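Data block for data21.txt (compact mmCIF, N, CA and C atoms):
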# COMPACT_ATOMS: atom_id res chain seq x y z
N MET S 239 42.34 -17.85 44.18
CA MET S 239 41.18 -17.13 43.76
C MET S 239 40.55 -16.46 44.98
N SER S 240 40.41 -15.17 44.90
CA SER S 240 39.82 -14.43 46.01
C SER S 240 39.20 -13.14 45.52
N ILE S 241 38.51 -12.51 46.45
CA ILE S 241 37.93 -11.21 46.15
C ILE S 241 38.70 -10.17 46.95
N PHE S 242 39.16 -9.14 46.25
CA PHE S 242 39.91 -8.04 46.86
C PHE S 242 39.02 -6.81 46.91
N SER S 243 39.01 -6.15 48.07
CA SER S 243 38.21 -4.93 48.23
C SER S 243 39.06 -3.70 47.92
N PHE S 244 38.41 -2.69 47.35
CA PHE S 244 39.07 -1.44 47.01
C PHE S 244 38.20 -0.28 47.48
N VAL S 245 38.82 0.89 47.60
CA VAL S 245 38.09 2.09 47.97
C VAL S 245 37.38 2.59 46.72
N LYS S 246 36.08 2.44 46.72
CA LYS S 246 35.26 2.73 45.53
C LYS S 246 35.38 4.18 45.07
N GLU S 247 35.55 5.10 46.02
CA GLU S 247 35.59 6.53 45.69
C GLU S 247 36.95 6.99 45.20
N ALA S 248 37.96 6.14 45.26
CA ALA S 248 39.31 6.54 44.86
C ALA S 248 39.66 5.89 43.52
N GLY S 249 40.64 6.43 42.87
CA GLY S 249 41.16 5.79 41.67
C GLY S 249 41.02 6.62 40.42
N GLU S 250 41.58 6.07 39.36
CA GLU S 250 41.53 6.73 38.06
C GLU S 250 40.10 6.71 37.55
N LYS S 251 39.69 7.81 36.95
CA LYS S 251 38.32 7.92 36.46
C LYS S 251 38.25 7.48 35.00
N LEU S 252 37.67 6.31 34.80
CA LEU S 252 37.40 5.80 33.46
C LEU S 252 35.90 5.92 33.27
N ILE S 253 35.48 6.99 32.70
CA ILE S 253 34.08 7.41 32.68
C ILE S 253 33.12 6.30 32.28
N ASP S 254 33.34 5.63 31.17
CA ASP S 254 32.34 4.69 30.66
C ASP S 254 32.45 3.29 31.23
N LEU S 255 33.53 2.96 31.90
CA LEU S 255 33.75 1.58 32.33
C LEU S 255 32.60 1.04 33.16
N LEU S 256 32.12 1.83 34.13
CA LEU S 256 31.11 1.32 35.05
C LEU S 256 29.69 1.78 34.71
N THR S 257 29.50 2.32 33.52
CA THR S 257 28.17 2.72 33.09
C THR S 257 27.30 1.47 32.96
N PRO S 258 26.15 1.43 33.65
CA PRO S 258 25.28 0.25 33.54
C PRO S 258 24.96 -0.07 32.08
N GLY S 259 25.04 -1.34 31.76
CA GLY S 259 24.73 -1.78 30.41
C GLY S 259 25.86 -1.61 29.41
N ASN S 260 27.05 -1.21 29.87
CA ASN S 260 28.18 -1.02 28.96
C ASN S 260 28.68 -2.39 28.50
N ALA S 261 28.33 -2.75 27.29
CA ALA S 261 28.71 -4.06 26.75
C ALA S 261 30.21 -4.15 26.46
N ASN S 262 30.88 -3.00 26.39
CA ASN S 262 32.31 -2.98 26.08
C ASN S 262 33.19 -2.85 27.33
N ALA S 263 32.63 -2.97 28.51
CA ALA S 263 33.38 -2.74 29.75
C ALA S 263 34.61 -3.64 29.85
N GLY S 264 34.47 -4.91 29.52
CA GLY S 264 35.61 -5.82 29.59
C GLY S 264 36.73 -5.41 28.65
N ASP S 265 36.37 -4.99 27.44
CA ASP S 265 37.38 -4.54 26.48
C ASP S 265 38.04 -3.25 26.96
N GLU S 266 37.24 -2.35 27.55
CA GLU S 266 37.80 -1.09 28.07
C GLU S 266 38.78 -1.37 29.21
N LEU S 267 38.45 -2.34 30.03
CA LEU S 267 39.33 -2.69 31.14
C LEU S 267 40.64 -3.28 30.62
N LYS S 268 40.57 -4.15 29.63
CA LYS S 268 41.80 -4.71 29.04
C LYS S 268 42.64 -3.60 28.42
N LYS S 269 41.98 -2.64 27.77
CA LYS S 269 42.70 -1.51 27.17
C LYS S 269 43.39 -0.70 28.28
N HIS S 270 42.71 -0.48 29.40
CA HIS S 270 43.30 0.24 30.54
C HIS S 270 44.53 -0.50 31.06
N ILE S 271 44.43 -1.81 31.21
CA ILE S 271 45.56 -2.63 31.70
C ILE S 271 46.74 -2.47 30.75
N ASN S 272 46.48 -2.47 29.47
CA ASN S 272 47.53 -2.27 28.47
C ASN S 272 48.13 -0.87 28.59
N GLU S 273 47.26 0.14 28.76
CA GLU S 273 47.73 1.53 28.81
C GLU S 273 48.55 1.85 30.06
N VAL S 274 48.32 1.15 31.18
CA VAL S 274 49.14 1.41 32.36
C VAL S 274 50.48 0.69 32.25
N GLY S 275 50.68 -0.05 31.16
CA GLY S 275 51.98 -0.63 30.90
C GLY S 275 52.12 -2.10 31.23
N LEU S 276 51.01 -2.80 31.37
CA LEU S 276 51.09 -4.22 31.70
C LEU S 276 50.96 -5.12 30.47
N GLY S 277 51.01 -4.51 29.30
CA GLY S 277 50.91 -5.30 28.08
C GLY S 277 49.48 -5.74 27.82
N ASN S 278 49.33 -6.79 27.05
CA ASN S 278 48.02 -7.31 26.72
C ASN S 278 47.94 -8.75 27.20
N PRO S 279 47.73 -8.94 28.51
CA PRO S 279 47.77 -10.29 29.06
C PRO S 279 46.60 -11.14 28.57
N ASN S 280 46.76 -12.43 28.72
CA ASN S 280 45.75 -13.40 28.29
C ASN S 280 44.66 -13.50 29.35
N ILE S 281 43.89 -12.42 29.49
CA ILE S 281 42.81 -12.41 30.49
C ILE S 281 41.53 -11.88 29.86
N THR S 282 40.42 -12.16 30.54
CA THR S 282 39.15 -11.54 30.21
C THR S 282 38.68 -10.83 31.45
N ALA S 283 37.90 -9.80 31.24
CA ALA S 283 37.38 -9.03 32.37
C ALA S 283 35.91 -8.74 32.13
N THR S 284 35.14 -8.85 33.21
CA THR S 284 33.73 -8.49 33.16
C THR S 284 33.43 -7.54 34.30
N VAL S 285 32.44 -6.70 34.10
CA VAL S 285 32.05 -5.72 35.10
C VAL S 285 30.58 -5.96 35.44
N ASP S 286 30.32 -6.06 36.75
CA ASP S 286 28.95 -6.23 37.24
C ASP S 286 28.76 -5.26 38.40
N GLY S 287 28.14 -4.12 38.12
CA GLY S 287 28.00 -3.08 39.15
C GLY S 287 29.37 -2.52 39.49
N ASP S 288 29.76 -2.64 40.77
CA ASP S 288 31.08 -2.14 41.19
C ASP S 288 32.10 -3.26 41.34
N LYS S 289 31.76 -4.46 40.84
CA LYS S 289 32.67 -5.61 40.93
C LYS S 289 33.23 -5.95 39.55
N VAL S 290 34.55 -6.09 39.50
CA VAL S 290 35.24 -6.51 38.29
C VAL S 290 35.71 -7.94 38.51
N THR S 291 35.47 -8.80 37.54
CA THR S 291 35.97 -10.17 37.59
C THR S 291 37.01 -10.33 36.50
N VAL S 292 38.19 -10.79 36.89
CA VAL S 292 39.27 -11.03 35.92
C VAL S 292 39.58 -12.52 35.91
N LYS S 293 39.67 -13.09 34.70
CA LYS S 293 39.94 -14.51 34.51
C LYS S 293 41.04 -14.66 33.48
N GLY S 294 41.73 -15.78 33.55
CA GLY S 294 42.74 -16.08 32.55
C GLY S 294 44.01 -16.58 33.17
N GLU S 295 45.07 -16.59 32.38
CA GLU S 295 46.36 -17.09 32.84
C GLU S 295 47.43 -16.06 32.55
N VAL S 296 48.33 -15.88 33.52
CA VAL S 296 49.43 -14.94 33.39
C VAL S 296 50.74 -15.67 33.68
N GLY S 297 51.85 -14.99 33.41
CA GLY S 297 53.16 -15.61 33.53
C GLY S 297 53.79 -15.57 34.90
N SER S 298 53.27 -14.73 35.82
CA SER S 298 53.90 -14.65 37.14
C SER S 298 52.91 -14.12 38.18
N GLN S 299 53.24 -14.37 39.43
CA GLN S 299 52.45 -13.85 40.54
C GLN S 299 52.44 -12.32 40.52
N GLU S 300 53.58 -11.72 40.22
CA GLU S 300 53.68 -10.26 40.15
C GLU S 300 52.73 -9.69 39.10
N GLU S 301 52.70 -10.30 37.92
CA GLU S 301 51.81 -9.83 36.86
C GLU S 301 50.35 -9.94 37.31
N LYS S 302 50.01 -11.03 37.95
CA LYS S 302 48.66 -11.24 38.47
C LYS S 302 48.27 -10.12 39.44
N GLU S 303 49.14 -9.83 40.38
CA GLU S 303 48.86 -8.79 41.39
C GLU S 303 48.73 -7.41 40.74
N LYS S 304 49.55 -7.12 39.78
CA LYS S 304 49.49 -5.82 39.12
C LYS S 304 48.19 -5.67 38.31
N ILE S 305 47.72 -6.74 37.71
CA ILE S 305 46.45 -6.68 36.97
C ILE S 305 45.30 -6.44 37.95
N ILE S 306 45.32 -7.11 39.09
CA ILE S 306 44.29 -6.90 40.11
C ILE S 306 44.29 -5.44 40.56
N LEU S 307 45.47 -4.88 40.80
CA LEU S 307 45.56 -3.48 41.22
C LEU S 307 45.12 -2.52 40.11
N ALA S 308 45.49 -2.81 38.88
CA ALA S 308 45.08 -1.94 37.77
C ALA S 308 43.57 -1.92 37.65
N ALA S 309 42.93 -3.06 37.86
CA ALA S 309 41.47 -3.13 37.79
C ALA S 309 40.82 -2.49 39.01
N GLY S 310 41.41 -2.65 40.17
CA GLY S 310 40.79 -2.15 41.40
C GLY S 310 41.00 -0.68 41.66
N ASN S 311 42.10 -0.13 41.18
CA ASN S 311 42.39 1.29 41.40
C ASN S 311 41.72 2.16 40.33
N ILE S 312 40.45 1.90 40.10
CA ILE S 312 39.62 2.67 39.18
C ILE S 312 38.44 3.20 39.99
N ALA S 313 38.16 4.48 39.84
CA ALA S 313 37.03 5.08 40.56
C ALA S 313 35.76 4.31 40.26
N GLY S 314 35.03 3.94 41.31
CA GLY S 314 33.78 3.21 41.16
C GLY S 314 33.91 1.71 41.35
N VAL S 315 35.13 1.19 41.34
CA VAL S 315 35.33 -0.25 41.54
C VAL S 315 35.46 -0.50 43.04
N GLY S 316 34.58 -1.35 43.55
CA GLY S 316 34.60 -1.69 44.97
C GLY S 316 35.28 -3.01 45.26
N SER S 317 35.33 -3.90 44.26
CA SER S 317 36.00 -5.18 44.49
C SER S 317 36.45 -5.79 43.16
N VAL S 318 37.45 -6.64 43.27
CA VAL S 318 37.95 -7.40 42.12
C VAL S 318 37.91 -8.87 42.49
N ASP S 319 37.20 -9.63 41.70
CA ASP S 319 37.13 -11.08 41.88
C ASP S 319 38.26 -11.68 41.04
N ASP S 320 39.28 -12.15 41.72
CA ASP S 320 40.47 -12.69 41.07
C ASP S 320 40.25 -14.15 40.72
N GLN S 321 40.16 -14.42 39.43
CA GLN S 321 40.07 -15.80 38.95
C GLN S 321 41.20 -16.06 37.96
N ILE S 322 42.33 -15.39 38.22
CA ILE S 322 43.51 -15.53 37.38
C ILE S 322 44.40 -16.65 37.92
N THR S 323 44.94 -17.45 37.02
CA THR S 323 45.90 -18.47 37.42
C THR S 323 47.27 -18.08 36.88
N VAL S 324 48.30 -18.55 37.58
CA VAL S 324 49.67 -18.34 37.14
C VAL S 324 50.08 -19.57 36.36
N ALA S 325 50.72 -19.37 35.22
CA ALA S 325 51.10 -20.47 34.33
C ALA S 325 51.94 -21.51 35.05
N ALA S 326 51.69 -22.75 34.67
CA ALA S 326 52.49 -23.86 35.21
C ALA S 326 53.95 -23.62 34.85
N GLY S 327 54.83 -23.90 35.77
CA GLY S 327 56.26 -23.73 35.53
C GLY S 327 56.78 -22.36 35.91
N ALA S 328 55.87 -21.43 36.22
CA ALA S 328 56.33 -20.10 36.67
C ALA S 328 56.94 -20.23 38.05
N PRO S 329 57.95 -19.42 38.36
CA PRO S 329 58.55 -19.49 39.69
C PRO S 329 57.50 -19.26 40.78
N VAL S 330 57.57 -20.05 41.83
CA VAL S 330 56.63 -19.90 42.94
C VAL S 330 57.20 -18.85 43.89
N VAL S 331 56.44 -17.78 44.09
CA VAL S 331 56.85 -16.72 45.00
C VAL S 331 55.68 -16.40 45.93
N ALA S 332 56.02 -15.89 47.09
CA ALA S 332 54.98 -15.50 48.04
C ALA S 332 54.20 -14.32 47.48
N ALA S 333 52.92 -14.33 47.72
CA ALA S 333 52.09 -13.22 47.29
C ALA S 333 52.48 -11.98 48.10
N ALA S 334 52.49 -10.85 47.42
CA ALA S 334 52.76 -9.58 48.10
C ALA S 334 51.50 -9.21 48.88
N ARG S 335 51.68 -8.39 49.89
CA ARG S 335 50.49 -7.90 50.57
C ARG S 335 50.13 -6.55 49.97
N PHE S 336 48.91 -6.13 50.20
CA PHE S 336 48.43 -4.86 49.67
C PHE S 336 48.20 -3.90 50.82
N VAL S 337 48.47 -2.62 50.57
CA VAL S 337 48.27 -1.56 51.56
C VAL S 337 47.47 -0.45 50.90
N VAL S 338 46.50 0.09 51.63
CA VAL S 338 45.71 1.22 51.13
C VAL S 338 46.35 2.51 51.63
N VAL S 339 46.63 3.43 50.71
CA VAL S 339 47.25 4.71 51.04
C VAL S 339 46.25 5.56 51.83
N LYS S 340 46.72 6.12 52.94
CA LYS S 340 45.91 7.02 53.75
C LYS S 340 46.35 8.47 53.51
N LYS S 341 45.48 9.41 53.84
CA LYS S 341 45.80 10.83 53.68
C LYS S 341 47.09 11.13 54.42
N GLY S 342 48.00 11.82 53.76
CA GLY S 342 49.29 12.19 54.35
C GLY S 342 50.39 11.17 54.14
N ASP S 343 50.05 9.98 53.64
CA ASP S 343 51.07 8.95 53.42
C ASP S 343 52.03 9.35 52.30
N THR S 344 53.25 8.89 52.44
CA THR S 344 54.26 8.94 51.39
C THR S 344 54.81 7.53 51.24
N LEU S 345 55.51 7.26 50.17
CA LEU S 345 56.12 5.94 50.05
C LEU S 345 57.12 5.70 51.17
N SER S 346 57.83 6.75 51.60
CA SER S 346 58.78 6.61 52.71
C SER S 346 58.06 6.24 54.00
N ALA S 347 56.92 6.89 54.26
CA ALA S 347 56.17 6.60 55.49
C ALA S 347 55.62 5.17 55.46
N ILE S 348 55.14 4.74 54.31
CA ILE S 348 54.65 3.36 54.18
C ILE S 348 55.80 2.39 54.37
N SER S 349 56.95 2.70 53.78
CA SER S 349 58.13 1.86 53.92
C SER S 349 58.55 1.73 55.38
N LEU S 350 58.53 2.84 56.09
CA LEU S 350 58.88 2.81 57.51
C LEU S 350 57.91 1.93 58.28
N ALA S 351 56.62 2.03 57.97
CA ALA S 351 55.61 1.25 58.69
C ALA S 351 55.72 -0.25 58.40
N VAL S 352 56.01 -0.62 57.15
CA VAL S 352 56.01 -2.05 56.82
C VAL S 352 57.38 -2.72 56.93
N TYR S 353 58.45 -1.96 56.68
CA TYR S 353 59.79 -2.54 56.70
C TYR S 353 60.62 -2.07 57.89
N GLY S 354 60.15 -1.00 58.56
CA GLY S 354 60.94 -0.44 59.65
C GLY S 354 62.07 0.44 59.15
N ASN S 355 62.05 0.79 57.87
CA ASN S 355 63.11 1.59 57.27
C ASN S 355 62.51 2.45 56.15
N ALA S 356 62.50 3.76 56.35
CA ALA S 356 61.92 4.67 55.36
C ALA S 356 62.65 4.63 54.03
N ASN S 357 63.92 4.24 54.04
CA ASN S 357 64.72 4.23 52.81
C ASN S 357 64.40 3.07 51.87
N GLN S 358 63.48 2.19 52.27
CA GLN S 358 63.08 1.08 51.41
C GLN S 358 61.93 1.47 50.47
N TYR S 359 61.58 2.77 50.43
CA TYR S 359 60.46 3.23 49.60
C TYR S 359 60.63 2.85 48.14
N GLN S 360 61.87 2.80 47.65
CA GLN S 360 62.12 2.48 46.25
C GLN S 360 61.65 1.07 45.93
N LYS S 361 61.74 0.17 46.90
CA LYS S 361 61.29 -1.21 46.73
C LYS S 361 59.77 -1.23 46.44
N ILE S 362 59.02 -0.40 47.17
CA ILE S 362 57.57 -0.30 46.95
C ILE S 362 57.29 0.33 45.60
N PHE S 363 58.03 1.39 45.28
CA PHE S 363 57.86 2.06 43.99
C PHE S 363 58.08 1.07 42.84
N GLU S 364 59.18 0.34 42.89
CA GLU S 364 59.49 -0.62 41.83
C GLU S 364 58.43 -1.72 41.73
N ALA S 365 57.89 -2.14 42.87
CA ALA S 365 56.87 -3.20 42.88
C ALA S 365 55.56 -2.74 42.27
N ASN S 366 55.37 -1.44 42.14
CA ASN S 366 54.12 -0.91 41.62
C ASN S 366 54.27 -0.27 40.25
N LYS S 367 55.45 -0.41 39.64
CA LYS S 367 55.64 0.05 38.27
C LYS S 367 54.96 -0.95 37.36
N PRO S 368 54.44 -0.58 36.26
CA PRO S 368 54.44 0.73 35.63
C PRO S 368 53.26 1.60 36.05
N MET S 369 52.42 1.12 36.97
CA MET S 369 51.26 1.92 37.36
C MET S 369 51.67 3.20 38.07
N LEU S 370 52.73 3.14 38.88
CA LEU S 370 53.28 4.35 39.49
C LEU S 370 54.39 4.85 38.58
N LYS S 371 54.33 6.13 38.28
CA LYS S 371 55.34 6.71 37.41
C LYS S 371 56.22 7.72 38.15
N ASP S 372 55.82 8.10 39.37
CA ASP S 372 56.54 9.10 40.15
C ASP S 372 56.39 8.74 41.63
N VAL S 373 57.51 8.72 42.36
CA VAL S 373 57.46 8.35 43.78
C VAL S 373 56.62 9.31 44.61
N ASN S 374 56.39 10.49 44.11
CA ASN S 374 55.62 11.49 44.85
C ASN S 374 54.15 11.54 44.46
N LYS S 375 53.71 10.65 43.58
CA LYS S 375 52.33 10.71 43.12
C LYS S 375 51.55 9.46 43.52
N ILE S 376 51.16 9.44 44.79
CA ILE S 376 50.23 8.44 45.29
C ILE S 376 49.05 9.22 45.87
N TYR S 377 47.92 8.56 46.04
CA TYR S 377 46.75 9.27 46.52
C TYR S 377 45.99 8.42 47.54
N PRO S 378 45.28 9.10 48.46
CA PRO S 378 44.49 8.35 49.46
C PRO S 378 43.48 7.45 48.78
N GLY S 379 43.40 6.22 49.28
CA GLY S 379 42.49 5.23 48.73
C GLY S 379 43.15 4.30 47.73
N GLN S 380 44.28 4.70 47.19
CA GLN S 380 45.01 3.86 46.23
C GLN S 380 45.54 2.64 46.96
N THR S 381 45.50 1.49 46.30
CA THR S 381 46.04 0.26 46.86
C THR S 381 47.38 -0.03 46.19
N LEU S 382 48.39 -0.34 47.01
CA LEU S 382 49.74 -0.60 46.52
C LEU S 382 50.19 -2.01 46.89
N ARG S 383 51.03 -2.60 46.05
CA ARG S 383 51.69 -3.88 46.34
C ARG S 383 52.86 -3.64 47.29
N ILE S 384 52.99 -4.47 48.28
CA ILE S 384 54.12 -4.40 49.21
C ILE S 384 54.83 -5.76 49.16
N PRO S 385 55.95 -5.82 48.44
CA PRO S 385 56.66 -7.10 48.35
C PRO S 385 57.37 -7.42 49.67
N GLU S 386 57.62 -8.70 49.87
CA GLU S 386 58.34 -9.14 51.08
C GLU S 386 59.77 -8.64 51.05

Go ahead and express the file in the form of structure tokens.
Amino acid sequence: MSIFSFVKEAGEKLIDLLTPGNANAGDELKKHINEVGLGNPNITATVDGDKVTVKGEVGSQEEKEKIILAAGNIAGVGSVDDQITVAAGAPVVAAARFVVVKKGDTLSAISLAVYGNANQYQKIFEANKPMLKDVNKIYPGQTLRIPE
């Protein structure tokens, strides 16, 4: 359980999600998680200002990380309070690290910086599916999963 910081000014614009007093914010966030292709996980989400809190249980560490990124890569979200647990019996894997995309970055450049090999960009792309749909469509401020 931890709090992850995100670039508040970057991300997908979900107009009503962060509107003060939006009683449906948690449902809208779950709908967004479903729409980016992560299914309908057994989680709840609440929004308080620029902080999103996600709770519940998921089937894998990868699913947990992708839900955190889906919630954090929304314009106006400054942090995600991760209160998600991974189901008992799920394979134990090391948590991936997160990298924030800088202006001018490409997946190849990020791959070169983290793996020492630009040709490993596909590994980063695959680790961020289904949220990434094109290897050429990343943006400054976006947070990406970097698997070991």

For S:Gly249, list every protein, DNA or RNA residue within 7 Å, evaluated using all atoms listed in the file, and leave out those in the same chain fewer than 2 positions away; present the list as an mmCIF file with N, CA and C atoms, in the coordinates of the input.
data_model
loop_
_atom_site.group_PDB
_atom_site.id
_atom_site.type_symbol
_atom_site.label_atom_id
_atom_site.label_comp_id
_atom_site.auth_asym_id
_atom_site.auth_seq_id
_atom_site.Cartn_x
_atom_site.Cartn_y
_atom_site.Cartn_z
ATOM 1 N N VAL S 245 38.820 0.890 47.600
ATOM 2 C CA VAL S 245 38.090 2.090 47.970
ATOM 3 C C VAL S 245 37.380 2.590 46.720
ATOM 4 N N LYS S 246 36.080 2.440 46.720
ATOM 5 C CA LYS S 246 35.260 2.730 45.530
ATOM 6 C C LYS S 246 35.380 4.180 45.070
ATOM 7 N N GLU S 247 35.550 5.100 46.020
ATOM 8 C CA GLU S 247 35.590 6.530 45.690
ATOM 9 C C GLU S 247 36.950 6.990 45.200
ATOM 10 N N LYS S 251 39.690 7.810 36.950
ATOM 11 C CA LYS S 251 38.320 7.920 36.460
ATOM 12 C C LYS S 251 38.250 7.480 35.000
ATOM 13 N N LEU S 252 37.670 6.310 34.800
ATOM 14 C CA LEU S 252 37.400 5.800 33.460
ATOM 15 C C LEU S 252 35.900 5.920 33.270
ATOM 16 N N GLY S 310 41.410 -2.650 40.170
ATOM 17 C CA GLY S 310 40.790 -2.150 41.400
ATOM 18 C C GLY S 310 41.000 -0.680 41.660
ATOM 19 N N ASN S 311 42.100 -0.130 41.180
ATOM 20 C CA ASN S 311 42.390 1.290 41.400
ATOM 21 C C ASN S 311 41.720 2.160 40.330
ATOM 22 N N ILE S 312 40.450 1.900 40.100
ATOM 23 C CA ILE S 312 39.620 2.670 39.180
ATOM 24 C C ILE S 312 38.440 3.200 39.990
ATOM 25 N N ALA S 313 38.160 4.480 39.840
ATOM 26 C CA ALA S 313 37.030 5.080 40.560
ATOM 27 C C ALA S 313 35.760 4.310 40.260
ATOM 28 N N GLY S 314 35.030 3.940 41.310
ATOM 29 C CA GLY S 314 33.780 3.210 41.160
ATOM 30 C C GLY S 314 33.910 1.710 41.350
ATOM 31 N N PRO S 378 45.280 9.100 48.460
ATOM 32 C CA PRO S 378 44.490 8.350 49.460
ATOM 33 C C PRO S 378 43.480 7.450 48.780
ATOM 34 N N GLY S 379 43.400 6.220 49.280
ATOM 35 C CA GLY S 379 42.490 5.230 48.730
ATOM 36 C C GLY S 379 43.150 4.300 47.730
ATOM 37 N N GLN S 380 44.280 4.700 47.190
ATOM 38 C CA GLN S 380 45.010 3.860 46.230
ATOM 39 C C GLN S 380 45.540 2.640 46.960
#

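You will find atom CA of S:Val352 at 12.1 Å from atom CA of S:Leu382.
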
Legend entry - Nearest to S:Val338, chosen from S:Val274, S:Ile241, S:Ile384, S:Val290, with only C-alpha atoms counted in the distances: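 Closest to S:Val338, using only C-alpha atoms: S:Ile384.
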
Legend entry - Residue with smallest distance to S:Leu267 - pool S:Ala332, S:Ala283, S:Asp343, S:Glu386, counting all atoms listed in the file: S:Ala283

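Close to (60.1, -3.9, 53.9), meaning no more than 7 Å away when counting only N, CA and C atoms, sit the residues Ser349, Val352, Tyr353, Gly354, Asn355, Gln358, Pro385 and Glu386 of chain S.
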
Inset, instruction - Please provide the set of residues having any atom within 8 Å of S:Val318, restricted to all atoms listed in the file, with same-chain residues fewer than 3 positions apart removed, written as a list in words. - result: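 In the requested format, the answer is Ser240, Ile241, Phe242, Ser243, Phe244, Asp288, Lys289, Val290, Thr291, Val292, Ile306, Ala309, Gly310, Val315 and Gln321 of chain S.
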
Same residues, N, CA and C atoms, output as a PDB file, in the frame of the given file:
ATOM      1  N   SER S 240      40.410 -15.170  44.900  1.00  0.00           N
ATOM      2  CA  SER S 240      39.820 -14.430  46.010  1.00  0.00           C
ATOM      3  C   SER S 240      39.200 -13.140  45.520  1.00  0.00           C
ATOM      4  N   ILE S 241      38.510 -12.510  46.450  1.00  0.00           N
ATOM      5  CA  ILE S 241      37.930 -11.210  46.150  1.00  0.00           C
ATOM      6  C   ILE S 241      38.700 -10.170  46.950  1.00  0.00           C
ATOM      7  N   PHE S 242      39.160  -9.140  46.250  1.00  0.00           N
ATOM      8  CA  PHE S 242      39.910  -8.040  46.860  1.00  0.00           C
ATOM      9  C   PHE S 242      39.020  -6.810  46.910  1.00  0.00           C
ATOM     10  N   SER S 243      39.010  -6.150  48.070  1.00  0.00           N
ATOM     11  CA  SER S 243      38.210  -4.930  48.230  1.00  0.00           C
ATOM     12  C   SER S 243      39.060  -3.700  47.920  1.00  0.00           C
ATOM     13  N   PHE S 244      38.410  -2.690  47.350  1.00  0.00           N
ATOM     14  CA  PHE S 244      39.070  -1.440  47.010  1.00  0.00           C
ATOM     15  C   PHE S 244      38.200  -0.280  47.480  1.00  0.00           C
ATOM     16  N   ASP S 288      29.760  -2.640  40.770  1.00  0.00           N
ATOM     17  CA  ASP S 288      31.080  -2.140  41.190  1.00  0.00           C
ATOM     18  C   ASP S 288      32.100  -3.260  41.340  1.00  0.00           C
ATOM     19  N   LYS S 289      31.760  -4.460  40.840  1.00  0.00           N
ATOM     20  CA  LYS S 289      32.670  -5.610  40.930  1.00  0.00           C
ATOM     21  C   LYS S 289      33.230  -5.950  39.550  1.00  0.00           C
ATOM     22  N   VAL S 290      34.550  -6.090  39.500  1.00  0.00           N
ATOM     23  CA  VAL S 290      35.240  -6.510  38.290  1.00  0.00           C
ATOM     24  C   VAL S 290      35.710  -7.940  38.510  1.00  0.00           C
ATOM     25  N   THR S 291      35.470  -8.800  37.540  1.00  0.00           N
ATOM     26  CA  THR S 291      35.970 -10.170  37.590  1.00  0.00           C
ATOM     27  C   THR S 291      37.010 -10.330  36.500  1.00  0.00           C
ATOM     28  N   VAL S 292      38.190 -10.790  36.890  1.00  0.00           N
ATOM     29  CA  VAL S 292      39.270 -11.030  35.920  1.00  0.00           C
ATOM     30  C   VAL S 292      39.580 -12.520  35.910  1.00  0.00           C
ATOM     31  N   ILE S 306      45.320  -7.110  39.090  1.00  0.00           N
ATOM     32  CA  ILE S 306      44.290  -6.900  40.110  1.00  0.00           C
ATOM     33  C   ILE S 306      44.290  -5.440  40.560  1.00  0.00           C
ATOM     34  N   ALA S 309      42.930  -3.060  37.860  1.00  0.00           N
ATOM     35  CA  ALA S 309      41.470  -3.130  37.790  1.00  0.00           C
ATOM     36  C   ALA S 309      40.820  -2.490  39.010  1.00  0.00           C
ATOM     37  N   GLY S 310      41.410  -2.650  40.170  1.00  0.00           N
ATOM     38  CA  GLY S 310      40.790  -2.150  41.400  1.00  0.00           C
ATOM     39  C   GLY S 310      41.000  -0.680  41.660  1.00  0.00           C
ATOM     40  N   VAL S 315      35.130   1.190  41.340  1.00  0.00           N
ATOM     41  CA  VAL S 315      35.330  -0.250  41.540  1.00  0.00           C
ATOM     42  C   VAL S 315      35.460  -0.500  43.040  1.00  0.00           C
ATOM     43  N   GLN S 321      40.160 -14.420  39.430  1.00  0.00           N
ATOM     44  CA  GLN S 321      40.070 -15.800  38.950  1.00  0.00           C
ATOM     45  C   GLN S 321      41.200 -16.060  37.960  1.00  0.00           C
TER      46      GLN S 321
END

Inset, instruction - Just the alpha helix (DSSP H) stuff from chain S, please, per backbone DSSP, written as a VMD selection string. - result: chain S and resid 263 to 271 299 to 310 345 to 353 359 to 365

Inset, instruction - Take atom N of S:Lys293 and atom C of S:Val339 and report the distance between them in Å, one decimal. - result: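 Atom N of S:Lys293 sits 26.2 Å away from atom C of S:Val339.
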